[in-house]
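A.B. asks: The structure file target.csv (CSV, C-alpha atoms and all ligand atoms) is provided below.
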chain,number,residue,atom,x,y,z
H,919,MET,CA,0.0,0.0,0.0
H,920,ASN,CA,1.4,3.4,-1.0
H,921,THR,CA,1.7,5.8,2.0
H,922,GLU,CA,3.4,8.6,0.1
H,923,ILE,CA,3.7,9.8,-3.4
H,924,THR,CA,5.8,12.6,-5.0
H,925,ILE,CA,4.5,14.4,-8.1
H,926,ARG,CA,5.5,17.4,-10.1
H,927,ARG,CA,3.9,20.5,-8.5
H,928,PRO,CA,0.3,20.8,-9.8
H,929,ASP,CA,-1.5,23.5,-11.7
H,930,ASP,CA,-5.2,24.5,-11.5
H,931,TRP,CA,-6.6,24.9,-15.0
H,932,HIS,CA,-9.9,26.6,-13.8
H,933,LEU,CA,-9.9,28.9,-10.8
H,934,HIS,CA,-11.9,31.8,-9.5
H,935,LEU,CA,-9.9,34.3,-7.4
H,936,ARG,CA,-12.3,37.3,-7.4
H,937,ASP,CA,-10.8,40.7,-6.4
H,938,GLY,CA,-10.1,42.9,-3.4
H,939,ALA,CA,-10.5,41.5,0.0
H,940,MET,CA,-11.7,38.1,-1.3
H,941,LEU,CA,-8.7,37.8,-3.6
H,942,LYS,CA,-6.4,38.5,-0.7
H,943,GLY,CA,-8.1,35.9,1.4
H,944,VAL,CA,-8.3,33.0,-1.1
H,945,LEU,CA,-5.1,33.5,-3.1
H,946,PRO,CA,-2.7,31.9,-0.5
H,947,GLU,CA,-5.0,28.8,-0.4
H,948,THR,CA,-4.2,28.2,-4.0
H,949,ALA,CA,-0.6,29.4,-4.1
H,950,ARG,CA,0.3,27.1,-1.2
H,951,HIS,CA,-0.1,24.1,-3.5
H,952,PHE,CA,-0.4,25.2,-7.1
H,953,ALA,CA,2.3,26.7,-9.3
H,954,ARG,CA,0.0,28.3,-11.8
H,955,ALA,CA,-3.7,28.6,-12.5
H,956,ILE,CA,-6.0,29.7,-15.3
H,957,ILE,CA,-7.8,32.6,-13.8
H,958,MET,CA,-11.5,33.0,-14.6
H,959,PRO,CA,-12.5,36.5,-15.8
H,960,ASN,CA,-16.0,36.7,-14.4
H,961,LEU,CA,-15.4,39.6,-12.1
H,962,VAL,CA,-18.0,42.4,-11.9
H,963,PRO,CA,-17.4,44.0,-14.4
H,964,PRO,CA,-15.8,41.2,-16.3
H,965,VAL,CA,-12.2,41.1,-17.6
H,966,VAL,CA,-12.9,41.7,-21.3
H,967,THR,CA,-9.8,43.4,-22.8
H,968,GLY,CA,-6.1,42.7,-22.7
H,969,GLU,CA,-5.6,45.9,-20.8
H,970,GLN,CA,-8.1,44.8,-18.1
H,971,ALA,CA,-6.4,41.3,-17.9
H,972,GLY,CA,-3.0,43.0,-17.4
H,973,ALA,CA,-4.3,45.2,-14.6
H,974,TYR,CA,-6.1,42.1,-12.9
H,975,ARG,CA,-2.8,40.2,-13.2
H,976,GLU,CA,-1.0,43.0,-11.3
H,977,ARG,CA,-3.7,43.0,-8.6
H,978,ILE,CA,-3.3,39.2,-8.2
H,979,LEU,CA,0.5,39.5,-7.9
H,980,ALA,CA,0.2,42.4,-5.4
H,981,ALA,CA,-2.1,40.2,-3.2
H,982,LEU,CA,0.4,37.4,-3.1
H,983,PRO,CA,2.0,37.0,0.3
H,984,GLU,CA,5.7,37.6,0.6
H,985,GLY,CA,7.7,34.4,-0.2
H,986,MET,CA,5.0,32.6,-2.1
H,987,ALA,CA,5.5,31.9,-5.8
H,988,PHE,CA,2.5,31.7,-8.1
H,989,GLU,CA,1.9,32.5,-11.8
H,990,PRO,CA,-1.6,33.6,-12.8
H,991,LEU,CA,-2.5,32.6,-16.4
H,992,MET,CA,-4.9,35.2,-17.6
H,993,THR,CA,-8.1,34.8,-19.6
H,994,LEU,CA,-10.5,37.1,-21.4
H,995,TYR,CA,-14.2,37.1,-21.0
H,996,LEU,CA,-15.8,36.7,-24.5
H,997,THR,CA,-18.5,39.3,-25.2
H,998,GLU,CA,-20.3,40.1,-28.4
H,999,GLY,CA,-18.2,43.2,-28.5
H,1000,THR,CA,-14.8,41.5,-28.2
H,1001,GLU,CA,-12.3,42.7,-30.8
H,1002,PRO,CA,-10.3,40.0,-32.6
H,1003,ALA,CA,-7.2,42.3,-32.8
H,1004,ASP,CA,-7.3,42.9,-29.0
H,1005,VAL,CA,-7.4,39.2,-28.3
H,1006,ALA,CA,-4.6,38.5,-30.8
H,1007,ALA,CA,-2.4,41.2,-29.3
H,1008,ALA,CA,-3.0,40.0,-25.7
H,1009,ALA,CA,-2.1,36.4,-26.7
H,1010,ALA,CA,1.0,37.5,-28.7
H,1011,SER,CA,2.3,39.4,-25.7
H,1012,GLY,CA,2.1,36.1,-23.6
H,1013,LEU,CA,-0.4,37.7,-21.2
H,1014,VAL,CA,-3.5,35.9,-22.1
H,1015,LYS,CA,-3.6,32.1,-22.3
H,1016,ALA,CA,-7.3,31.5,-23.2
H,1017,VAL,CA,-10.7,33.1,-23.8
H,1018,LYS,CA,-13.7,32.1,-21.8
H,1019,LEU,CA,-17.1,31.5,-23.4
H,1020,TYR,CA,-20.0,32.0,-21.0
H,1021,PRO,CA,-23.4,31.5,-22.6
H,1022,ALA,CA,-25.3,34.6,-21.3
H,1023,GLY,CA,-27.0,33.7,-18.0
H,1024,ALA,CA,-25.4,30.3,-17.6
H,1025,THR,CA,-23.8,31.0,-14.2
H,1026,THR,CA,-22.4,33.6,-11.7
H,1027,ASN,CA,-21.7,36.9,-13.4
H,1028,SER,CA,-22.4,35.7,-16.9
H,1029,HIS,CA,-25.0,38.3,-18.1
H,1030,SER,CA,-22.3,39.9,-20.3
H,1031,GLY,CA,-21.7,36.6,-22.0
H,1032,VAL,CA,-22.6,35.4,-25.5
H,1033,ARG,CA,-26.2,35.2,-26.8
H,1034,ASP,CA,-25.5,34.7,-30.4
H,1035,LEU,CA,-22.4,32.7,-31.4
H,1036,ALA,CA,-22.5,34.1,-34.9
H,1037,LYS,CA,-21.6,37.5,-33.4
H,1038,VAL,CA,-18.3,36.2,-32.0
H,1039,MET,CA,-17.3,34.1,-35.0
H,1040,PRO,CA,-14.5,36.6,-36.1
H,1041,VAL,CA,-12.9,36.3,-32.7
H,1042,LEU,CA,-13.2,32.5,-32.8
H,1043,GLU,CA,-11.7,32.4,-36.3
H,1044,LYS,CA,-8.7,34.5,-35.1
H,1045,MET,CA,-8.3,32.1,-32.1
H,1046,ALA,CA,-8.3,29.1,-34.4
H,1047,GLU,CA,-5.7,30.8,-36.6
H,1048,ILE,CA,-3.3,31.6,-33.7
H,1049,GLY,CA,-4.0,28.5,-31.6
H,1050,LEU,CA,-5.4,30.3,-28.6
H,1051,PRO,CA,-7.7,28.0,-26.5
H,1052,LEU,CA,-11.4,28.7,-26.0
H,1053,CYS,CA,-12.6,27.6,-22.5
H,1054,THR,CA,-16.3,26.8,-22.6
H,1055,HIS,CA,-18.9,26.9,-19.8
H,1056,GLY,CA,-20.7,24.1,-21.5
H,1057,GLU,CA,-24.4,24.6,-20.6
H,1058,VAL,CA,-27.2,25.9,-22.6
H,1059,THR,CA,-29.4,28.5,-20.9
H,1060,THR,CA,-32.7,27.9,-22.7
H,1061,ALA,CA,-35.5,28.0,-20.1
H,1062,GLU,CA,-37.1,24.8,-21.5
H,1063,VAL,CA,-34.0,22.7,-21.0
H,1064,ASP,CA,-33.8,20.9,-17.6
H,1065,ILE,CA,-30.8,22.0,-15.6
H,1066,PHE,CA,-29.6,18.4,-15.4
H,1067,ASP,CA,-29.6,18.1,-19.2
H,1068,ARG,CA,-28.0,21.4,-20.0
H,1069,GLU,CA,-24.4,20.1,-20.5
H,1070,ALA,CA,-25.5,17.2,-22.8
H,1071,VAL,CA,-27.6,19.6,-24.9
H,1072,PHE,CA,-24.8,22.1,-25.1
H,1073,ILE,CA,-22.5,19.4,-26.6
H,1074,ASP,CA,-25.0,18.5,-29.3
H,1075,THR,CA,-26.3,21.9,-30.2
H,1076,VAL,CA,-23.4,24.3,-29.6
H,1077,LEU,CA,-20.1,22.6,-29.1
H,1078,ASP,CA,-20.1,20.0,-31.8
H,1079,PRO,CA,-21.4,22.3,-34.5
H,1080,LEU,CA,-18.8,24.9,-33.5
H,1081,ARG,CA,-16.0,22.4,-33.7
H,1082,ARG,CA,-17.2,21.1,-37.1
H,1083,ARG,CA,-17.2,24.7,-38.4
H,1084,LEU,CA,-13.8,25.5,-36.9
H,1085,PRO,CA,-11.9,22.2,-36.7
H,1086,ASP,CA,-8.6,24.0,-35.8
H,1087,LEU,CA,-10.1,25.8,-32.8
H,1088,ARG,CA,-8.6,24.5,-29.6
H,1089,VAL,CA,-11.4,24.0,-27.0
H,1090,VAL,CA,-11.5,23.1,-23.3
H,1091,MET,CA,-14.7,21.7,-22.0
H,1092,GLU,CA,-14.7,23.2,-18.6
H,1093,HIS,CA,-15.8,21.3,-15.5
H,1094,ILE,CA,-17.5,18.4,-17.3
H,1095,THR,CA,-20.1,16.7,-15.1
H,1096,THR,CA,-21.6,14.0,-17.3
H,1097,LYS,CA,-20.9,10.7,-19.0
H,1098,GLU,CA,-21.7,12.5,-22.3
H,1099,GLY,CA,-19.0,15.1,-21.6
H,1100,VAL,CA,-16.5,12.4,-20.8
H,1101,GLU,CA,-17.3,10.5,-24.0
H,1102,TYR,CA,-17.3,13.6,-26.2
H,1103,ALA,CA,-13.9,14.6,-24.8
H,1104,ALA,CA,-12.5,11.1,-25.4
H,1105,GLU,CA,-13.2,11.3,-29.1
H,1106,GLY,CA,-12.1,14.8,-29.6
H,1107,GLY,CA,-8.5,14.5,-30.5
H,1108,GLU,CA,-5.7,16.9,-29.8
H,1109,THR,CA,-7.7,20.1,-30.2
H,1110,LEU,CA,-10.0,19.1,-27.3
H,1111,GLY,CA,-9.4,19.0,-23.6
H,1112,ALA,CA,-11.7,18.7,-20.6
H,1113,THR,CA,-11.2,19.9,-17.0
H,1114,ILE,CA,-12.7,18.0,-14.1
H,1115,THR,CA,-13.3,19.5,-10.7
H,1116,THR,CA,-12.4,17.9,-7.4
H,1117,HIS,CA,-15.9,18.1,-6.0
H,1118,HIS,CA,-17.6,16.4,-9.1
H,1119,LEU,CA,-15.4,13.4,-8.4
H,1120,ILE,CA,-16.8,13.2,-4.9
H,1121,ILE,CA,-20.5,14.3,-4.8
H,1122,ASN,CA,-23.6,13.4,-6.9
H,1123,ARG,CA,-26.9,15.3,-6.8
H,1124,ASN,CA,-28.1,13.4,-3.7
H,1125,HIS,CA,-25.4,15.1,-1.7
H,1126,ILE,CA,-27.0,18.4,-2.5
H,1127,LEU,CA,-30.6,17.4,-1.8
H,1128,VAL,CA,-31.0,14.4,0.5
H,1129,GLY,CA,-31.6,15.1,4.2
H,1130,GLY,CA,-31.9,18.8,3.8
H,1131,ILE,CA,-30.6,21.2,1.2
H,1132,LYS,CA,-26.8,21.7,1.4
H,1133,PRO,CA,-25.9,25.0,-0.1
H,1134,HIS,CA,-22.1,24.4,0.0
H,1135,TYR,CA,-22.5,21.5,-2.5
H,1136,TYR,CA,-24.4,23.7,-4.9
H,1137,CYS,CA,-22.3,24.7,-7.9
H,1138,LEU,CA,-22.7,25.1,-11.7
H,1139,PRO,CA,-22.7,22.9,-13.6
H,1140,VAL,CA,-24.8,21.2,-10.9
H,1141,ALA,CA,-23.6,17.7,-9.8
H,1142,LYS,CA,-25.5,15.0,-11.6
H,1143,ARG,CA,-26.5,11.3,-11.0
H,1144,GLU,CA,-24.1,8.7,-9.6
H,1145,HIS,CA,-23.3,7.1,-12.9
H,1146,HIS,CA,-22.0,10.4,-14.2
H,1147,ARG,CA,-19.8,10.8,-11.2
H,1148,LEU,CA,-18.4,7.3,-11.8
H,1149,ALA,CA,-17.7,8.2,-15.4
H,1150,LEU,CA,-15.8,11.3,-14.3
H,1151,ARG,CA,-13.7,9.3,-11.8
H,1152,LYS,CA,-12.9,6.8,-14.6
H,1153,ALA,CA,-11.8,9.6,-16.9
H,1154,ALA,CA,-9.8,11.5,-14.4
H,1155,THR,CA,-7.9,8.5,-13.2
H,1156,SER,CA,-7.4,7.0,-16.7
H,1157,GLY,CA,-4.2,8.9,-17.5
H,1158,SER,CA,-5.7,10.0,-20.8
H,1159,PRO,CA,-4.2,13.4,-21.9
H,1160,ARG,CA,-7.7,14.7,-22.6
H,1161,TYR,CA,-8.6,15.2,-18.9
H,1162,PHE,CA,-6.9,17.6,-16.5
H,1163,LEU,CA,-7.6,19.2,-13.2
H,1164,GLY,CA,-9.6,22.5,-13.1
H,1165,THR,CA,-10.9,22.8,-9.5
H,1166,ASP,CA,-13.4,25.6,-10.3
H,1167,SER,CA,-12.8,26.6,-6.7
H,1168,ALA,CA,-15.3,29.4,-6.5
H,1169,PRO,CA,-15.5,31.3,-3.2
H,1170,HIS,CA,-18.6,33.0,-2.1
H,1171,VAL,CA,-19.0,34.3,1.5
H,1172,ASP,CA,-21.2,32.1,3.7
H,1173,ALA,CA,-24.0,34.8,3.9
H,1174,LEU,CA,-24.5,34.5,0.1
H,1175,LYS,CA,-24.3,30.7,0.0
H,1176,GLU,CA,-26.7,30.1,3.0
H,1177,HIS,CA,-29.3,32.3,1.4
H,1178,ALA,CA,-32.8,32.0,-0.1
H,1179,CYS,CA,-31.2,32.5,-3.5
H,1180,GLY,CA,-27.8,31.0,-2.8
H,1181,CYS,CA,-24.8,31.5,-5.1
H,1182,ALA,CA,-23.3,28.6,-7.0
H,1183,GLY,CA,-19.7,27.5,-6.3
H,1184,CYS,CA,-17.7,25.1,-4.1
H,1185,PHE,CA,-14.5,26.3,-2.5
H,1186,THR,CA,-11.9,23.5,-2.8
H,1187,ALA,CA,-8.6,25.4,-3.1
H,1188,THR,CA,-7.6,24.5,0.5
H,1189,ASN,CA,-8.0,20.7,0.4
H,1190,THR,CA,-8.0,19.7,-3.3
H,1191,MET,CA,-4.7,17.9,-3.4
H,1192,PRO,CA,-5.4,15.6,-0.3
H,1193,LEU,CA,-8.9,14.9,-1.7
H,1194,LEU,CA,-7.5,14.0,-5.1
H,1195,ALA,CA,-5.0,11.6,-3.5
H,1196,HIS,CA,-7.8,10.0,-1.6
H,1197,VAL,CA,-9.9,9.6,-4.8
H,1198,PHE,CA,-7.0,8.3,-6.9
H,1199,GLU,CA,-6.0,5.8,-4.2
H,1200,GLU,CA,-9.6,4.6,-4.0
H,1201,GLU,CA,-9.6,4.0,-7.7
H,1202,GLY,CA,-6.2,2.2,-7.5
H,1203,ALA,CA,-4.7,4.9,-9.7
H,1204,LEU,CA,-2.3,7.0,-7.5
H,1205,ASP,CA,0.2,6.6,-10.4
H,1206,LYS,CA,-2.1,8.6,-12.6
H,1207,LEU,CA,-2.5,11.6,-10.2
H,1208,GLU,CA,0.6,13.4,-11.7
H,1209,ALA,CA,-0.8,13.1,-15.2
H,1210,PHE,CA,-4.1,14.6,-14.1
H,1211,ALA,CA,-2.9,17.4,-11.9
H,1212,SER,CA,0.6,18.2,-13.3
H,1213,LEU,CA,1.2,16.9,-16.8
H,1214,ASN,CA,-1.9,16.9,-19.0
H,1215,GLY,CA,-2.8,20.6,-18.5
H,1216,PRO,CA,0.6,22.0,-19.5
H,1217,ALA,CA,0.6,19.7,-22.5
H,1218,PHE,CA,-2.7,21.0,-23.7
H,1219,TYR,CA,-1.8,24.6,-23.1
H,1220,ARG,CA,1.7,24.1,-24.6
H,1221,LEU,CA,3.4,25.2,-21.5
H,1222,PRO,CA,6.4,23.6,-19.7
H,1223,VAL,CA,5.7,21.3,-16.8
H,1224,ASN,CA,6.7,22.5,-13.4
H,1225,GLU,CA,10.2,21.5,-12.1
H,1226,ALA,CA,9.3,21.7,-8.4
H,1227,ARG,CA,7.8,18.6,-6.7
H,1228,MET,CA,5.0,18.0,-4.2
H,1229,ARG,CA,5.0,15.2,-1.7
H,1230,LEU,CA,1.7,13.8,-0.5
H,1231,VAL,CA,1.7,11.5,2.6
H,1232,LYS,CA,-1.0,9.2,3.9
H,1233,HIS,CA,-1.2,9.4,7.7
H,1234,GLU,CA,-2.7,6.9,10.2
H,1235,ALA,CA,-4.8,9.7,11.6
H,1236,ALA,CA,-7.5,11.5,9.7
H,1237,GLN,CA,-6.3,15.0,8.8
H,1238,VAL,CA,-8.0,18.1,10.0
H,1239,PHE,CA,-8.8,20.8,7.4
H,1240,PRO,CA,-10.2,24.2,8.3
H,1241,ALA,CA,-14.0,24.2,8.1
H,1242,LYS,CA,-13.8,27.8,6.9
H,1243,ILE,CA,-11.3,30.4,5.9
H,1244,PHE,CA,-11.8,33.9,7.2
H,1245,THR,CA,-11.3,36.6,4.6
H,1246,GLU,CA,-11.8,40.3,5.1
H,1247,ALA,CA,-14.8,39.9,2.8
H,1248,GLY,CA,-16.3,37.4,5.2
H,1249,PRO,CA,-16.0,33.6,6.0
H,1250,VAL,CA,-15.9,31.1,3.2
H,1251,THR,CA,-16.7,27.5,3.9
H,1252,VAL,CA,-14.2,24.9,2.7
H,1253,PHE,CA,-15.6,22.0,0.7
H,1254,ASP,CA,-16.3,19.1,3.1
H,1255,PRO,CA,-16.0,15.7,1.4
H,1256,GLY,CA,-18.1,14.0,4.1
H,1257,PHE,CA,-15.5,11.3,4.8
H,1258,PRO,CA,-12.2,11.2,6.7
H,1259,VAL,CA,-9.2,12.1,4.6
H,1260,HIS,CA,-5.8,10.7,5.6
H,1261,TRP,CA,-3.7,12.4,3.0
H,1262,ALA,CA,-1.8,15.6,3.5
H,1263,VAL,CA,0.6,17.8,1.4
H,1264,GLU,CA,4.0,17.8,3.1
H,1265,ALA,CA,6.5,20.6,2.7
B,1,LIG,C1,-18.6,30.0,-10.6
B,1,LIG,C2,-18.5,31.3,-9.8
B,1,LIG,O1,-19.0,31.4,-8.7
B,1,LIG,O2,-18.0,32.3,-10.4
B,1,LIG,N1,-19.6,29.2,-9.9
B,1,LIG,C3,-19.7,27.8,-10.0
B,1,LIG,O3,-20.7,27.3,-9.5
B,1,LIG,N2,-18.8,27.1,-10.6
B,1,LIG,C4,-19.0,30.2,-12.0
B,1,LIG,C5,-18.8,29.1,-12.9
B,1,LIG,O4,-17.6,28.6,-13.1
B,1,LIG,O5,-19.7,28.5,-13.4
B,2,ZN,ZN,-15.8,28.3,-12.8
Can the structure from this file be put into structure tokens for me?

C.D. replies:
Amino acid sequence: MNTEITIRRPDDWHLHLRDGAMLKGVLPETARHFARAIIMPNLVPPVVTGEQAGAYRERILAALPEGMAFEPLMTLYLTEGTEPADVAAAAASGLVKAVKLYPAGATTNSHSGVRDLAKVMPVLEKMAEIGLPLCTHGEVTTAEVDIFDREAVFIDTVLDPLRRRLPDLRVVMEHITTKEGVEYAAEGGETLGATITTHHLIINRNHILVGGIKPHYYCLPVAKREHHRLALRKAATSGSPRYFLGTDSAPHVDALKEHACGCAGCFTATNTMPLLAHVFEEEGALDKLEAFASLNGPAFYRLPVNEARMRLVKHEAAQVFPAKIFTEAGPVTVFDPGFPVHWAVEA
């Protein structure tokens, strides 16, 4: 039985850091374990231009505690007004590593997102030409489509037609939650990647709804049935280069989670790596953890892998994680897997 494992330092290919006091509070939780992260642009107002991404990057670096190393990989929020030339310049300078597509209304702060894909086609054509990845929030927003079906319908009605029209466009299916997502990514070839969150490997929809509503398990895309969770586990632990870690760690203060209209998002930055070690061990796949957390993401984004290493150790005693972190914006509840975790990241 493995009681420790050493892997290259991981990266997080989908992260929400927010801004101001929240940024200051949550950034150390990620920087402690991760070398780099793809930073989501859904601030209020969103990060739309290269100039805004540059300023946000500076704010992130300014919030980083002394002595911590972390590289934010910036993204732009795609709107119907986005200029192809601005995107190309921001990519050419090395500042911007991806553009994020939010269908308007799909999730937190997505009202400036895209209503009509035809309007952003010149930007997408430019991205296909220069090889800049498009990160997709893969859910349709049509009122008639059931929330549990929105990812599968997005694949059939938006993603697949888009990839047929622009076969060179490099696409990341963000935070896949379904067997359909796993299967589509598996067949996609080198232009397609898929991120998987920590929490979707652990919870299914029962965790949100059985025995009382659990707001801290509510995120978007919403967790699905158990067979989908099992498909995600199989994909993440397969070693296939299509799948990599994107935690989608999405902090909201408790007052807005525990609310009549609670915000979507699970905060997993603090304990993701121990939780992943637990999951990969359960699946008999500890030897695939490095591919998922540290190798497949850089390969897709055409970035070097990290040279530093991380050691994860399994202890006899269950490890204690903070239930909350206390930011100047308010307390944020850390994702509780609901089972004892014996793994810890060692210095
Ligand atoms: C994210 C957030 O809070 O910004 N919420 C979430 O449930 N994942 C937005 C998103 O990535 O969908
Ligand atoms: Zn997200």

A.B. asks: Can you work out which one of H:Tyr1135, H:Phe988, H:Phe1198, H:Phe1210 has the shortest atom-to-atom distance to Gly1180 (chain H), counting only C-alpha atoms?

C.D. replies: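 Comparing H:Tyr1135, H:Phe988, H:Phe1198, H:Phe1210 against Gly1180 (chain H), the winner is H:Tyr1135.
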
A.B. asks: Each residue of chain H with at least one atom at most 6 Å from ligand LIG 1 (chain B) should appear once, together with its nearest atom pair and the corresponding distance in Å (one decimal); atoms considered: all atoms listed in the file; ordering: chain, then increasing residue number; output as CSV.

C.D. replies:
residue,atom,partner,partner_atom,distance
H:Thr1025,CA,B:LIG1,O5,4.9
H:Thr1026,CA,B:LIG1,O2,4.8
H:Cys1137,CA,B:LIG1,O3,3.4
H:Leu1138,CA,B:LIG1,O3,3.7
H:Asp1166,CA,B:LIG1,N2,5.6
H:Ala1168,CA,B:LIG1,O1,4.7
H:Ala1182,CA,B:LIG1,O3,3.8
H:Gly1183,CA,B:LIG1,O3,3.4

A.B. asks: Hey, what's within 9 Å of Phe1239 (chain H) if we count only C-alpha atoms and toss same-chain stuff fewer than 6 positions away? As a PyMOL selection string, please?

C.D. replies: chain H and resi 1188-1189+1252+1254

A.B. asks: Taking only C-alpha atoms and all ligand atoms into account, which of H:Asn960, H:Asn1124, H:Asn1224, H:Ser1030 comes nearest ligand ZN 2 (chain B)?

C.D. replies: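 Ranked by minimum distance to ligand ZN 2 (chain B), first place goes to H:Asn960.
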
A.B. asks: Mind pulling up the distance from CA of Gly1248 (chain H) to CA of Ala939 (chain H)?

C.D. replies: 8.8 Å

A.B. asks: For CA of Ile1114 (chain H) and CA of Pro1192 (chain H), determine how far apart the two atoms are, in Å to one decimal place.

C.D. replies: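 Taking CA of Ile1114 (chain H) as the start and CA of Pro1192 (chain H) as the end point, the length is 15.8 Å.
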
A.B. asks: State, in Å with one decimal place, the distance from CA of Thr1251 (chain H) to CA of Arg1229 (chain H).

C.D. replies: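 Going from CA of Thr1251 (chain H) over to CA of Arg1229 (chain H) covers 25.6 Å.
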
A.B. asks: Let me make sure I understand: among H:Asp1067, H:Glu1057, H:Glu1098, H:Glu1092, which one has the smallest atom-to-atom distance to ligand ZN 2 (chain B) if we use all atoms listed in the file?

C.D. replies: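 Nearest to ligand ZN 2 (chain B): H:Glu1092.
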
A.B. asks: Identify which of the residues H:Asp1078, H:Glu1208, H:Asp1086, H:Glu1199 lies closest to Leu1050 (chain H), counting only C-alpha atoms when measuring atom-to-atom distances.

C.D. replies: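 That would be H:Asp1086, the residue with the smallest distance to Leu1050 (chain H).
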
A.B. asks: Please provide as an MDAnalysis selection string all residues within 7 Å of Arg1088 (chain H), with the sequence filter that same-chain residues fewer than 4 positions apart are discarded (counting only C-alpha atoms).

C.D. replies: chainID H and resid 1046 1049:1052 1109:1110

A.B. asks: My list of candidates is H:Thr1165, H:Thr1116, H:Thr967, H:Ser1158. Which is closest to ligand ZN 2 (chain B) when distances are computed with all atoms listed in the file?

C.D. replies: H:Thr1165

A.B. asks: (4.7, 26.5, -2.3) in this file's frame - what residues fall within 8 Å of it? Use all atoms listed in the file and give the answer as a ChimeraX atom specification.

C.D. replies: /H:949-953,986-987,1265

A.B. asks: Which residue, H:Ile1243, H:Leu1013, H:Leu1042, H:Val1140, has the smallest gap to Cys1181 (chain H) when you use only C-alpha atoms?

C.D. replies: H:Val1140

A.B. asks: Model the absent atoms of region 1190-1202 of chain H so that N, CA and C atoms are present, and write the result as a PDB file, in the frame of the given file.

C.D. replies:
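This went into selection20.pdb:
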ATOM      1  N   THR H1190      -7.950  20.480  -2.047  1.00  0.00           N
ATOM      2  CA  THR H1190      -8.000  19.700  -3.300  1.00  0.00           C
ATOM      3  C   THR H1190      -7.004  18.601  -3.392  1.00  0.00           C
ATOM      4  N   MET H1191      -5.733  18.877  -3.132  1.00  0.00           N
ATOM      5  CA  MET H1191      -4.700  17.900  -3.400  1.00  0.00           C
ATOM      6  C   MET H1191      -4.860  16.640  -2.472  1.00  0.00           C
ATOM      7  N   PRO H1192      -5.091  16.807  -1.159  1.00  0.00           N
ATOM      8  CA  PRO H1192      -5.400  15.600  -0.300  1.00  0.00           C
ATOM      9  C   PRO H1192      -6.624  14.867  -0.784  1.00  0.00           C
ATOM     10  N   LEU H1193      -7.659  15.597  -1.202  1.00  0.00           N
ATOM     11  CA  LEU H1193      -8.900  14.900  -1.700  1.00  0.00           C
ATOM     12  C   LEU H1193      -8.620  14.128  -2.935  1.00  0.00           C
ATOM     13  N   LEU H1194      -7.824  14.697  -3.836  1.00  0.00           N
ATOM     14  CA  LEU H1194      -7.500  14.000  -5.100  1.00  0.00           C
ATOM     15  C   LEU H1194      -6.697  12.711  -4.762  1.00  0.00           C
ATOM     16  N   ALA H1195      -5.743  12.831  -3.843  1.00  0.00           N
ATOM     17  CA  ALA H1195      -5.000  11.600  -3.500  1.00  0.00           C
ATOM     18  C   ALA H1195      -5.889  10.558  -2.947  1.00  0.00           C
ATOM     19  N   HIS H1196      -6.855  10.952  -2.124  1.00  0.00           N
ATOM     20  CA  HIS H1196      -7.800  10.000  -1.600  1.00  0.00           C
ATOM     21  C   HIS H1196      -8.600   9.323  -2.716  1.00  0.00           C
ATOM     22  N   VAL H1197      -9.119  10.123  -3.649  1.00  0.00           N
ATOM     23  CA  VAL H1197      -9.900   9.600  -4.800  1.00  0.00           C
ATOM     24  C   VAL H1197      -9.079   8.679  -5.645  1.00  0.00           C
ATOM     25  N   PHE H1198      -7.880   9.133  -5.997  1.00  0.00           N
ATOM     26  CA  PHE H1198      -7.000   8.300  -6.900  1.00  0.00           C
ATOM     27  C   PHE H1198      -6.613   7.025  -6.198  1.00  0.00           C
ATOM     28  N   GLU H1199      -6.378   7.083  -4.893  1.00  0.00           N
ATOM     29  CA  GLU H1199      -6.000   5.800  -4.200  1.00  0.00           C
ATOM     30  C   GLU H1199      -7.231   4.885  -4.204  1.00  0.00           C
ATOM     31  N   GLU H1200      -8.428   5.420  -3.943  1.00  0.00           N
ATOM     32  CA  GLU H1200      -9.600   4.600  -4.000  1.00  0.00           C
ATOM     33  C   GLU H1200      -9.803   3.889  -5.327  1.00  0.00           C
ATOM     34  N   GLU H1201      -9.420   4.594  -6.381  1.00  0.00           N
ATOM     35  CA  GLU H1201      -9.600   4.000  -7.700  1.00  0.00           C
ATOM     36  C   GLU H1201      -8.352   3.184  -8.114  1.00  0.00           C
ATOM     37  N   GLY H1202      -7.407   3.006  -7.191  1.00  0.00           N
ATOM     38  CA  GLY H1202      -6.200   2.200  -7.500  1.00  0.00           C
ATOM     39  C   GLY H1202      -5.356   2.890  -8.558  1.00  0.00           C
TER      40      GLY H1202
END
